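K.L.:
Got a structure for you, written out below as structure tokens; questions coming shortly.
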Amino acid sequence: MRNKRIIERNIIMTPPAEDENIFRSIGVEPIINCRGTFTIIGGSIERPEVLTAMKAASKHFVQYDELAEGVGKRLAEITGAEWGLIPAGCAAGLKHVTAACVTGGNPEKLIRIPDLTGLDKTQVIIPRSSRNTYDHAVRNIGIEIIMIDTPEELERAINPRTAMIYLNSGGASATGQPLSLEAIAAIAKPHKIPILVDAAAENLTIPPVHLERGADVVAYSGGKALCGPQGAGLVLGDKAILMSAWQASSPHHGPNRDNKISREEIMGMLAAVEAWTTRDHDGEWQTWLAYLGLITQQVSQIEGISTQVVEPTGTSNVAPTLEISWDPLALHITGEEVAENFARNAPRIAIGGRSAEGKTSIHVTPSQMQPGEAEIVAERIHAFLSETRSPKPVEMAAAAADIDGHWELTVEYFTSSSEHRLFLQQEGNWVQGMHQSDFSNQQINGTVEGSQVKLQSVAQHTADGVPFLFSGEINQDEMAGSIHLGEYLTARFTARRAHYNTVHRSVEIPGGPPLAT
């Protein structure tokens, strides 16, 4: 007889009522989203049509190749693209399309990825301006990145090994720029080099504007403007490329099997695209402005506060934003400090915060706010900014130690450790120097107040990077504390001052060339 684990009744989660927040049942405090469609706080609110489609799809089974065929055809009918594909997110779509351009739909090549030995298409061209933290999805296939800065460099870079060209939408690839999509297409098309455009955060245009401008394939996030499943994406364009991309994706075995998407998510994403064509976009915009108007009305009562609504003109992250600004010397608090307080204390609210010379501000983006939340946000901002605060101490506490010199660090990650080095120079409370991490050397700066040490650096890798925010205590020739790694969570560190044996040795400079080597 099989062993069965008996679970105590009191640790089984009782399904919450529809109006209750399910996250509190596991001890997680939810967030009012005034930042927009950031993945790390959940993306977007799924449309009712999406939830209905997902529930309907959950009741039946289907053969996935047949599902992909039906969905691809339907997406083509809706969008005007030749074909469509729904992957497990935009990044997965970039990965599948890269695999398609490398393999040409040949499964014997596919199952060798990421070892591209013997394959003829092994390079992807990316303008330097399009390098970004998301091009990991392209690099995951094992290709070699060729970076270019000018149209002339693009001409020279194209060769028989070129699999495709990857572009980030907007900015330097916008119409009229030297490396616009149109300019790149004019160079690439005669060589039959496909172009993939990453338009993750953009509004869907019908027909897709980037395909009309010269791209072969364009990829979108499902959990941003489209308000589809957070784990889904949308890829539109050349049918042959997208069939090869589907071949490279789950449920098929191979390098991209890990990017699995459910039948529920596929049909939910299709429903989101269909809903996009009938949504009252103007009405949504007016609702967002009404939320911001309510907040503006309340916070404008605070002396020294100014507000303005900024309406974007592009197609990426399209939503109005309320900027609430003030003189930090008048209210004795910065926008970043307000945002941090709101992030950590109930009711938790995700807002943006930034400072410039003589001005600080917070920013409210309403696109993912829900009915009733604007009142909560308005009251919270009004109450917090109305508090009387004393001026911050101008003088810092005297440093209790001098951390000048060379320090050997041990950084403890979850399952490993690394040896780093710091070369520091201290002037009073202020510290600057160099941080030598595993793969790079970077500037570091910070402060010493009493025995408290705070230092910051960023280990860069192309368009990506890892922040190191050290916070610790110094005790004579030792330091210890924590490291905040941004989105990569935290680590611990211990440090020891390096000591050297002093050697005095004179230096002799030869009077001419050597007579022996």
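Going through the structure tokens in order, the chains are called A, B, and so on, while each chain numbers its residues from 1 and the ligands are numbered from 1 in the order shown.
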Using DSSP assignments from the backbone, pull out every residue in range 317-435 of chain A that falls under helix (DSSP H, G or I) and give it to me as a list in words.
P.N.:
Pro328, Leu329, Ala330, Leu331, Gly335, Glu336, Glu337, Val338, Ala339, Glu340, Asn341, Phe342, Ala343, Arg344, Glu373, Ala374, Glu375, Ile376, Val377, Ala378, Glu379, Arg380, Ile381, His382, Ala383, Phe384, Leu385 and Ser386 of chain A
K.L.:
Given the selection you just returned, output its residues as a file containing N, CA and C atoms, formatted as a compact mmCIF listing (two decimals), in the first residue's frame.
P.N.:
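Saved file out_26.txt follows:
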```txt
# COMPACT_ATOMS: atom_id res chain seq x y z
N PRO A 328 12.43 69.17 -2.34
CA PRO A 328 12.75 68.27 -1.21
C PRO A 328 13.21 69.01 0.04
N LEU A 329 13.72 70.24 -0.12
CA LEU A 329 14.15 71.01 1.04
C LEU A 329 12.96 71.62 1.78
N ALA A 330 11.80 71.68 1.09
CA ALA A 330 10.60 72.22 1.73
C ALA A 330 9.84 71.14 2.50
N LEU A 331 9.70 69.96 1.89
CA LEU A 331 8.96 68.88 2.55
C LEU A 331 9.87 67.90 3.28
N GLY A 335 11.17 61.90 -3.51
CA GLY A 335 10.24 60.99 -4.18
C GLY A 335 10.64 59.54 -4.01
N GLU A 336 11.94 59.27 -4.05
CA GLU A 336 12.42 57.90 -3.87
C GLU A 336 12.07 57.38 -2.48
N GLU A 337 12.17 58.25 -1.48
CA GLU A 337 11.83 57.84 -0.11
C GLU A 337 10.34 57.58 0.04
N VAL A 338 9.52 58.38 -0.62
CA VAL A 338 8.08 58.15 -0.60
C VAL A 338 7.75 56.81 -1.25
N ALA A 339 8.34 56.57 -2.43
CA ALA A 339 8.09 55.31 -3.14
C ALA A 339 8.51 54.11 -2.31
N GLU A 340 9.64 54.21 -1.62
CA GLU A 340 10.11 53.11 -0.78
C GLU A 340 9.16 52.87 0.39
N ASN A 341 8.69 53.94 1.01
CA ASN A 341 7.74 53.80 2.12
C ASN A 341 6.45 53.14 1.65
N PHE A 342 5.93 53.58 0.51
CA PHE A 342 4.69 53.02 0.00
C PHE A 342 4.85 51.55 -0.39
N ALA A 343 6.04 51.18 -0.83
CA ALA A 343 6.29 49.80 -1.25
C ALA A 343 6.33 48.84 -0.07
N ARG A 344 6.71 49.34 1.10
CA ARG A 344 6.95 48.45 2.25
C ARG A 344 5.84 48.47 3.29
N GLU A 373 -9.49 52.05 -6.13
CA GLU A 373 -8.10 52.21 -5.70
C GLU A 373 -7.63 53.65 -5.77
N ALA A 374 -8.18 54.43 -6.69
CA ALA A 374 -7.74 55.83 -6.82
C ALA A 374 -8.00 56.59 -5.52
N GLU A 375 -9.12 56.30 -4.86
CA GLU A 375 -9.43 56.95 -3.60
C GLU A 375 -8.40 56.59 -2.52
N ILE A 376 -8.01 55.31 -2.49
CA ILE A 376 -7.02 54.86 -1.51
C ILE A 376 -5.67 55.54 -1.77
N VAL A 377 -5.28 55.58 -3.04
CA VAL A 377 -4.00 56.17 -3.42
C VAL A 377 -3.99 57.66 -3.10
N ALA A 378 -5.07 58.35 -3.44
CA ALA A 378 -5.15 59.79 -3.18
C ALA A 378 -5.03 60.09 -1.69
N GLU A 379 -5.75 59.33 -0.87
CA GLU A 379 -5.71 59.55 0.58
C GLU A 379 -4.33 59.25 1.15
N ARG A 380 -3.70 58.18 0.66
CA ARG A 380 -2.37 57.80 1.17
C ARG A 380 -1.33 58.86 0.83
N ILE A 381 -1.34 59.32 -0.43
CA ILE A 381 -0.37 60.34 -0.84
C ILE A 381 -0.61 61.64 -0.08
N HIS A 382 -1.88 62.04 0.02
CA HIS A 382 -2.21 63.29 0.71
C HIS A 382 -1.77 63.24 2.17
N ALA A 383 -2.10 62.14 2.85
CA ALA A 383 -1.76 62.03 4.27
C ALA A 383 -0.25 62.00 4.48
N PHE A 384 0.45 61.28 3.63
CA PHE A 384 1.90 61.12 3.82
C PHE A 384 2.64 62.42 3.53
N LEU A 385 2.27 63.10 2.45
CA LEU A 385 2.97 64.34 2.10
C LEU A 385 2.54 65.52 2.97
N SER A 386 1.43 65.36 3.69
CA SER A 386 0.98 66.43 4.59
C SER A 386 1.66 66.38 5.95
```
K.L.:
Counting only C-alpha atoms, what is within 8 Å of Ser471 in chain A, bar same-chain residues fewer than 6 positions away, as a list of chain:residue names?
P.N.:
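That gives A:Gln452, A:Val453, A:Lys454, A:Leu455, A:Gly481, A:Ser482, A:Ile483.
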K.L.:
Keeping N, CA and C atoms, export the residues of the selection given above as a CSV table (one decimal), in the first residue's frame.
P.N.:
```
chain,number,residue,atom,x,y,z
A,452,GLN,N,28.7,52.3,10.5
A,452,GLN,CA,27.9,51.8,9.4
A,452,GLN,C,28.5,52.1,8.0
A,453,VAL,N,28.7,51.1,7.2
A,453,VAL,CA,29.3,51.3,5.8
A,453,VAL,C,28.2,51.0,4.8
A,454,LYS,N,28.1,51.9,3.8
A,454,LYS,CA,27.2,51.7,2.7
A,454,LYS,C,28.0,52.0,1.4
A,455,LEU,N,28.0,51.0,0.5
A,455,LEU,CA,28.7,51.1,-0.8
A,455,LEU,C,27.9,50.6,-1.9
A,481,GLY,N,28.2,42.2,6.5
A,481,GLY,CA,26.8,42.7,6.3
A,481,GLY,C,26.1,42.0,5.1
A,482,SER,N,25.2,42.7,4.5
A,482,SER,CA,24.4,42.2,3.4
A,482,SER,C,24.6,42.9,2.1
A,483,ILE,N,24.3,42.3,1.0
A,483,ILE,CA,24.3,42.9,-0.3
A,483,ILE,C,23.0,42.8,-0.9
```
K.L.:
Using only C-alpha atoms, determine which residues lie at most 10 Å from Asn475 in chain A, disregarding the query and same-chain residues fewer than 6 positions distant; provide the list as a VMD selection string.
P.N.:
chain A and resid 400 to 401 451 to 452 496
K.L.:
Give me a file of those residues, with C-alpha atoms, as a PDB file, in the first residue's frame.
P.N.:
```pdb
ATOM      1  CA  ALA A 400      34.265  55.502  13.423  1.00  0.00           C
ATOM      2  CA  ALA A 401      36.959  53.960  11.239  1.00  0.00           C
ATOM      3  CA  SER A 451      30.507  52.049  12.136  1.00  0.00           C
ATOM      4  CA  GLN A 452      27.893  51.781   9.356  1.00  0.00           C
ATOM      5  CA  ARG A 496      39.136  41.528   5.759  1.00  0.00           C
TER       6      ARG A 496
END
```
K.L.:
Provide the CA of Leu204 in chain A to CA of Lys239 in chain A distance in Å, to one decimal place.
P.N.:
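Between CA of Leu204 in chain A and CA of Lys239 in chain A the gap works out to 18.6 Å.
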K.L.:
Could you state the separation of CA of Ala290 in chain A and CA of Pro312 in chain A in Å, given to one decimal place?
P.N.:
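Separation between CA of Ala290 in chain A and CA of Pro312 in chain A: 16.7 Å.
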K.L.:
So, counting only C-alpha atoms, which residue among A:Ile126, A:Val102, A:Ile261, A:Cys34 is closest to Arg161 in chain A?
P.N.:
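Among the listed residues, A:Val102 lies closest to Arg161 in chain A.
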K.L.:
Please provide as a list in words all residues within 6 Å of Met479 in chain A, with the sequence filter that same-chain residues fewer than 5 positions apart are discarded (counting only C-alpha atoms).
P.N.:
Glu473, Ile474, Thr494 and Ala495 of chain A
K.L.:
Selected residues, N, CA and C atoms, written as a PDB file, in the first residue's frame, please.
P.N.:
```pdb
ATOM      1  N   GLU A 473      28.728  46.597   8.831  1.00  0.00           N
ATOM      2  CA  GLU A 473      29.381  47.215   9.981  1.00  0.00           C
ATOM      3  C   GLU A 473      30.882  46.953   9.898  1.00  0.00           C
ATOM      4  N   ILE A 474      31.651  47.974  10.291  1.00  0.00           N
ATOM      5  CA  ILE A 474      33.101  47.800  10.330  1.00  0.00           C
ATOM      6  C   ILE A 474      33.549  47.643  11.779  1.00  0.00           C
ATOM      7  N   THR A 494      31.527  39.071   3.994  1.00  0.00           N
ATOM      8  CA  THR A 494      32.505  39.356   5.047  1.00  0.00           C
ATOM      9  C   THR A 494      33.747  39.888   4.354  1.00  0.00           C
ATOM     10  N   ALA A 495      34.451  40.797   5.012  1.00  0.00           N
ATOM     11  CA  ALA A 495      35.627  41.418   4.397  1.00  0.00           C
ATOM     12  C   ALA A 495      36.738  41.550   5.421  1.00  0.00           C
TER      13      ALA A 495
END
```
K.L.:
So that I can check the secondary structure, give me every residue of range 112-197 of chain A assigned strand (DSSP E or B) by backbone DSSP, as a ChimeraX atom specification.
P.N.:
/A:123-127,144-148,162-168,195-197
K.L.:
Create the file for the chosen residues now, containing N, CA and C atoms and written as a PDB file, in the first residue's frame.
P.N.:
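Generated output (result30.pdb):
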```
ATOM      1  N   GLN A 123      25.105  33.358 -36.677  1.00  0.00           N
ATOM      2  CA  GLN A 123      25.311  34.741 -36.240  1.00  0.00           C
ATOM      3  C   GLN A 123      24.005  35.529 -36.288  1.00  0.00           C
ATOM      4  N   VAL A 124      23.839  36.416 -35.313  1.00  0.00           N
ATOM      5  CA  VAL A 124      22.715  37.354 -35.295  1.00  0.00           C
ATOM      6  C   VAL A 124      23.290  38.763 -35.187  1.00  0.00           C
ATOM      7  N   ILE A 125      22.857  39.627 -36.076  1.00  0.00           N
ATOM      8  CA  ILE A 125      23.309  41.018 -36.068  1.00  0.00           C
ATOM      9  C   ILE A 125      22.358  41.845 -35.204  1.00  0.00           C
ATOM     10  N   ILE A 126      22.931  42.624 -34.288  1.00  0.00           N
ATOM     11  CA  ILE A 126      22.143  43.514 -33.431  1.00  0.00           C
ATOM     12  C   ILE A 126      22.807  44.887 -33.406  1.00  0.00           C
ATOM     13  N   PRO A 127      22.101  45.946 -33.791  1.00  0.00           N
ATOM     14  CA  PRO A 127      22.664  47.286 -33.594  1.00  0.00           C
ATOM     15  C   PRO A 127      22.973  47.502 -32.115  1.00  0.00           C
ATOM     16  N   GLU A 144      26.311  33.686 -32.164  1.00  0.00           N
ATOM     17  CA  GLU A 144      27.309  34.736 -31.968  1.00  0.00           C
ATOM     18  C   GLU A 144      26.667  36.076 -32.304  1.00  0.00           C
ATOM     19  N   ILE A 145      26.764  37.029 -31.388  1.00  0.00           N
ATOM     20  CA  ILE A 145      26.225  38.368 -31.628  1.00  0.00           C
ATOM     21  C   ILE A 145      27.243  39.204 -32.389  1.00  0.00           C
ATOM     22  N   ILE A 146      26.790  39.817 -33.472  1.00  0.00           N
ATOM     23  CA  ILE A 146      27.606  40.766 -34.227  1.00  0.00           C
ATOM     24  C   ILE A 146      26.973  42.143 -34.038  1.00  0.00           C
ATOM     25  N   MET A 147      27.682  43.043 -33.364  1.00  0.00           N
ATOM     26  CA  MET A 147      27.145  44.383 -33.114  1.00  0.00           C
ATOM     27  C   MET A 147      27.597  45.356 -34.195  1.00  0.00           C
ATOM     28  N   ILE A 148      26.669  46.221 -34.595  1.00  0.00           N
ATOM     29  CA  ILE A 148      26.988  47.233 -35.604  1.00  0.00           C
ATOM     30  C   ILE A 148      26.482  48.592 -35.132  1.00  0.00           C
ATOM     31  N   THR A 162      24.952  34.710 -41.395  1.00  0.00           N
ATOM     32  CA  THR A 162      23.956  35.552 -40.733  1.00  0.00           C
ATOM     33  C   THR A 162      22.603  34.856 -40.713  1.00  0.00           C
ATOM     34  N   ALA A 163      22.087  34.621 -39.507  1.00  0.00           N
ATOM     35  CA  ALA A 163      20.784  33.965 -39.359  1.00  0.00           C
ATOM     36  C   ALA A 163      19.650  34.977 -39.400  1.00  0.00           C
ATOM     37  N   MET A 164      19.833  36.119 -38.732  1.00  0.00           N
ATOM     38  CA  MET A 164      18.779  37.137 -38.694  1.00  0.00           C
ATOM     39  C   MET A 164      19.342  38.431 -38.120  1.00  0.00           C
ATOM     40  N   ILE A 165      18.510  39.466 -38.133  1.00  0.00           N
ATOM     41  CA  ILE A 165      18.808  40.745 -37.498  1.00  0.00           C
ATOM     42  C   ILE A 165      17.752  40.972 -36.425  1.00  0.00           C
ATOM     43  N   TYR A 166      18.207  41.335 -35.223  1.00  0.00           N
ATOM     44  CA  TYR A 166      17.293  41.595 -34.105  1.00  0.00           C
ATOM     45  C   TYR A 166      17.279  43.086 -33.809  1.00  0.00           C
ATOM     46  N   LEU A 167      16.081  43.640 -33.624  1.00  0.00           N
ATOM     47  CA  LEU A 167      15.918  45.068 -33.341  1.00  0.00           C
ATOM     48  C   LEU A 167      14.975  45.276 -32.170  1.00  0.00           C
ATOM     49  N   ASN A 168      15.302  46.224 -31.325  1.00  0.00           N
ATOM     50  CA  ASN A 168      14.365  46.701 -30.319  1.00  0.00           C
ATOM     51  C   ASN A 168      13.570  47.831 -30.956  1.00  0.00           C
ATOM     52  N   ILE A 195      14.278  39.873 -40.357  1.00  0.00           N
ATOM     53  CA  ILE A 195      14.388  40.878 -39.297  1.00  0.00           C
ATOM     54  C   ILE A 195      13.326  40.593 -38.244  1.00  0.00           C
ATOM     55  N   LEU A 196      13.759  40.484 -36.992  1.00  0.00           N
ATOM     56  CA  LEU A 196      12.864  40.278 -35.850  1.00  0.00           C
ATOM     57  C   LEU A 196      12.819  41.557 -35.021  1.00  0.00           C
ATOM     58  N   VAL A 197      11.628  42.088 -34.783  1.00  0.00           N
ATOM     59  CA  VAL A 197      11.451  43.291 -33.968  1.00  0.00           C
ATOM     60  C   VAL A 197      10.816  42.912 -32.636  1.00  0.00           C
TER      61      VAL A 197
END
```
K.L.:
If you count only C-alpha atoms, which residues fall within 7 Å of range 79-96 of chain A, apart from same-chain ones fewer than 3 positions away, as JSON, numbers by chain?
P.N.:
{"A": [72, 73, 75, 76, 99, 100, 134, 137, 138, 141, 200, 206, 207, 208, 219, 220, 221, 222, 231, 232, 233, 234, 235, 236, 237, 238, 239, 242, 245, 248, 249, 259, 260, 261, 266]}
K.L.:
Those same residues, written as a short mmCIF file (atom, residue, chain, number, x, y, z; two decimals), in the first residue's frame with N, CA and C atoms?
P.N.:
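Saved as result-v5.cif:
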```cif
data_model
loop_
_atom_site.label_atom_id
_atom_site.label_comp_id
_atom_site.auth_asym_id
_atom_site.auth_seq_id
_atom_site.Cartn_x
_atom_site.Cartn_y
_atom_site.Cartn_z
N GLY A 72 -2.97 30.09 -35.36
CA GLY A 72 -2.18 30.85 -36.32
C GLY A 72 -3.03 31.45 -37.41
N LYS A 73 -3.97 30.65 -37.90
CA LYS A 73 -4.87 31.12 -38.96
C LYS A 73 -5.78 32.22 -38.44
N LEU A 75 -5.28 34.28 -35.89
CA LEU A 75 -4.50 35.50 -35.65
C LEU A 75 -4.23 36.25 -36.96
N ALA A 76 -3.99 35.49 -38.02
CA ALA A 76 -3.78 36.13 -39.33
C ALA A 76 -5.04 36.87 -39.77
N ALA A 99 15.77 30.42 -32.97
CA ALA A 99 16.00 29.01 -33.30
C ALA A 99 15.52 28.71 -34.71
N ALA A 100 14.39 29.28 -35.09
CA ALA A 100 13.85 29.05 -36.43
C ALA A 100 14.80 29.58 -37.51
N TYR A 134 16.90 41.94 -22.41
CA TYR A 134 16.06 40.86 -22.89
C TYR A 134 16.68 40.07 -24.03
N ALA A 137 17.31 36.11 -24.53
CA ALA A 137 16.45 35.16 -25.24
C ALA A 137 17.04 34.79 -26.59
N VAL A 138 17.69 35.74 -27.24
CA VAL A 138 18.34 35.47 -28.53
C VAL A 138 19.63 34.69 -28.30
N ILE A 141 20.17 30.64 -27.68
CA ILE A 141 20.25 29.64 -28.75
C ILE A 141 21.70 29.27 -29.05
N ALA A 200 7.72 44.34 -27.23
CA ALA A 200 7.05 43.72 -26.08
C ALA A 200 6.00 44.61 -25.45
N ILE A 206 -3.07 47.28 -36.06
CA ILE A 206 -3.62 46.37 -37.07
C ILE A 206 -3.82 47.15 -38.36
N PRO A 207 -3.12 46.75 -39.45
CA PRO A 207 -2.11 45.68 -39.49
C PRO A 207 -0.86 46.10 -38.71
N PRO A 208 -0.04 45.13 -38.30
CA PRO A 208 1.14 45.44 -37.47
C PRO A 208 2.09 46.40 -38.19
N ALA A 219 7.30 40.66 -32.21
CA ALA A 219 6.91 39.95 -30.99
C ALA A 219 6.39 40.92 -29.94
N TYR A 220 5.30 40.52 -29.28
CA TYR A 220 4.68 41.33 -28.23
C TYR A 220 4.56 40.51 -26.94
N SER A 221 4.48 41.21 -25.83
CA SER A 221 4.14 40.57 -24.56
C SER A 221 2.64 40.39 -24.49
N GLY A 222 2.21 39.28 -23.91
CA GLY A 222 0.78 39.07 -23.72
C GLY A 222 0.25 39.75 -22.48
N GLY A 231 1.77 34.88 -18.68
CA GLY A 231 2.75 33.92 -19.16
C GLY A 231 2.69 33.67 -20.66
N ALA A 232 1.99 34.52 -21.41
CA ALA A 232 1.85 34.31 -22.85
C ALA A 232 2.42 35.49 -23.62
N GLY A 233 2.68 35.26 -24.91
CA GLY A 233 3.15 36.31 -25.80
C GLY A 233 2.42 36.21 -27.13
N LEU A 234 2.78 37.08 -28.04
CA LEU A 234 2.18 37.11 -29.37
C LEU A 234 3.27 37.39 -30.39
N VAL A 235 3.38 36.53 -31.39
CA VAL A 235 4.36 36.71 -32.46
C VAL A 235 3.62 36.68 -33.79
N LEU A 236 3.85 37.68 -34.62
CA LEU A 236 3.15 37.81 -35.90
C LEU A 236 4.15 37.98 -37.03
N GLY A 237 3.78 37.48 -38.22
CA GLY A 237 4.65 37.70 -39.37
C GLY A 237 4.70 36.55 -40.34
N ASP A 238 5.89 36.35 -40.91
CA ASP A 238 6.15 35.37 -41.95
C ASP A 238 5.75 33.96 -41.50
N LYS A 239 4.87 33.31 -42.27
CA LYS A 239 4.35 32.00 -41.86
C LYS A 239 5.43 30.94 -41.81
N LEU A 242 7.44 31.36 -38.70
CA LEU A 242 6.67 31.04 -37.50
C LEU A 242 6.34 29.55 -37.40
N ALA A 245 9.40 28.29 -35.96
CA ALA A 245 9.44 28.68 -34.55
C ALA A 245 8.53 27.77 -33.72
N ALA A 248 10.16 24.58 -33.07
CA ALA A 248 11.23 24.70 -32.08
C ALA A 248 10.69 24.86 -30.66
N SER A 249 9.38 25.02 -30.51
CA SER A 249 8.81 25.32 -29.19
C SER A 249 8.14 24.09 -28.59
N ASN A 259 10.04 26.24 -22.46
CA ASN A 259 9.10 27.36 -22.58
C ASN A 259 7.70 26.82 -22.89
N LYS A 260 7.13 26.15 -21.91
CA LYS A 260 5.84 25.48 -22.11
C LYS A 260 4.70 26.45 -21.86
N ILE A 261 3.68 26.37 -22.71
CA ILE A 261 2.49 27.20 -22.56
C ILE A 261 1.27 26.29 -22.57
N ILE A 266 -3.04 29.75 -24.26
CA ILE A 266 -3.11 29.99 -25.71
C ILE A 266 -4.47 30.58 -26.08
#
```
K.L.:
Can you tell me, as JSON, numbers by chain, what residues are no more than 9 Å from Gln443 in chain A when counting only C-alpha atoms, ignoring any on the same chain fewer than 4 positions away?
P.N.:
{"A": [432, 433, 434, 435, 436, 456, 457, 458]}
K.L.:
If you keep C-alpha atoms, can you produce a file of those selected residues as an mmCIF file, in the first residue's frame?
P.N.:
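Listing of part_33.cif after writing:
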```
data_model
loop_
_atom_site.group_PDB
_atom_site.id
_atom_site.type_symbol
_atom_site.label_atom_id
_atom_site.label_comp_id
_atom_site.auth_asym_id
_atom_site.auth_seq_id
_atom_site.Cartn_x
_atom_site.Cartn_y
_atom_site.Cartn_z
ATOM 1 C CA GLN A 432 35.249 55.898 -3.588
ATOM 2 C CA GLY A 433 37.376 53.306 -5.316
ATOM 3 C CA MET A 434 37.266 50.124 -7.384
ATOM 4 C CA HIS A 435 35.290 46.915 -6.918
ATOM 5 C CA GLN A 436 36.730 43.773 -8.501
ATOM 6 C CA GLN A 456 27.343 50.719 -4.265
ATOM 7 C CA SER A 457 28.637 49.510 -7.629
ATOM 8 C CA VAL A 458 27.270 47.908 -10.791
#
```
K.L.:
Of the candidates A:Asp402, A:Ile324, A:Ser440, A:His504, which shows the shortest atom-to-atom distance to Thr462 in chain A, using only C-alpha atoms?
P.N.:
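Nearest candidate to Thr462 in chain A out of A:Asp402, A:Ile324, A:Ser440, A:His504: A:Ser440.
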K.L.:
Sorted by chain and rising residue number, list the residues of range 220-315 of chain A at most 10 Å from range 53-64 of chain A (counting only C-alpha atoms), each with its closest atom pair and distance in Å to one decimal, as CSV.
P.N.:
```
residue,atom,partner,partner_atom,distance
A:Pro229,CA,A:Met54,CA,9.1
A:Ser250,CA,A:Tyr64,CA,9.2
A:Pro251,CA,A:Tyr64,CA,7.4
A:His252,CA,A:Tyr64,CA,9.6
A:Ser262,CA,A:Ser58,CA,9.2
A:Arg263,CA,A:Ala57,CA,6.5
A:Glu264,CA,A:Met54,CA,4.4
A:Glu265,CA,A:Met54,CA,6.3
A:Ile266,CA,A:Met54,CA,8.1
A:Met267,CA,A:Ala53,CA,5.9
A:Gly268,CA,A:Met54,CA,5.0
A:Met269,CA,A:Ala53,CA,8.7
A:Leu270,CA,A:Ala53,CA,8.6
A:Ala271,CA,A:Ala53,CA,6.5
A:Ala272,CA,A:Ala53,CA,9.2
```
K.L.:
In Å to one decimal, how far is CA of Thr37 in chain A from CA of Thr307 in chain A?
P.N.:
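The value is 22.6 Å.
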K.L.:
Choose the residue, out of A:Leu211, A:Val448, A:Ala68, A:Val394, that has the smallest atom-to-atom separation from His332 in chain A; count only C-alpha atoms.
P.N.:
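Nearest candidate to His332 in chain A out of A:Leu211, A:Val448, A:Ala68, A:Val394: A:Val394.
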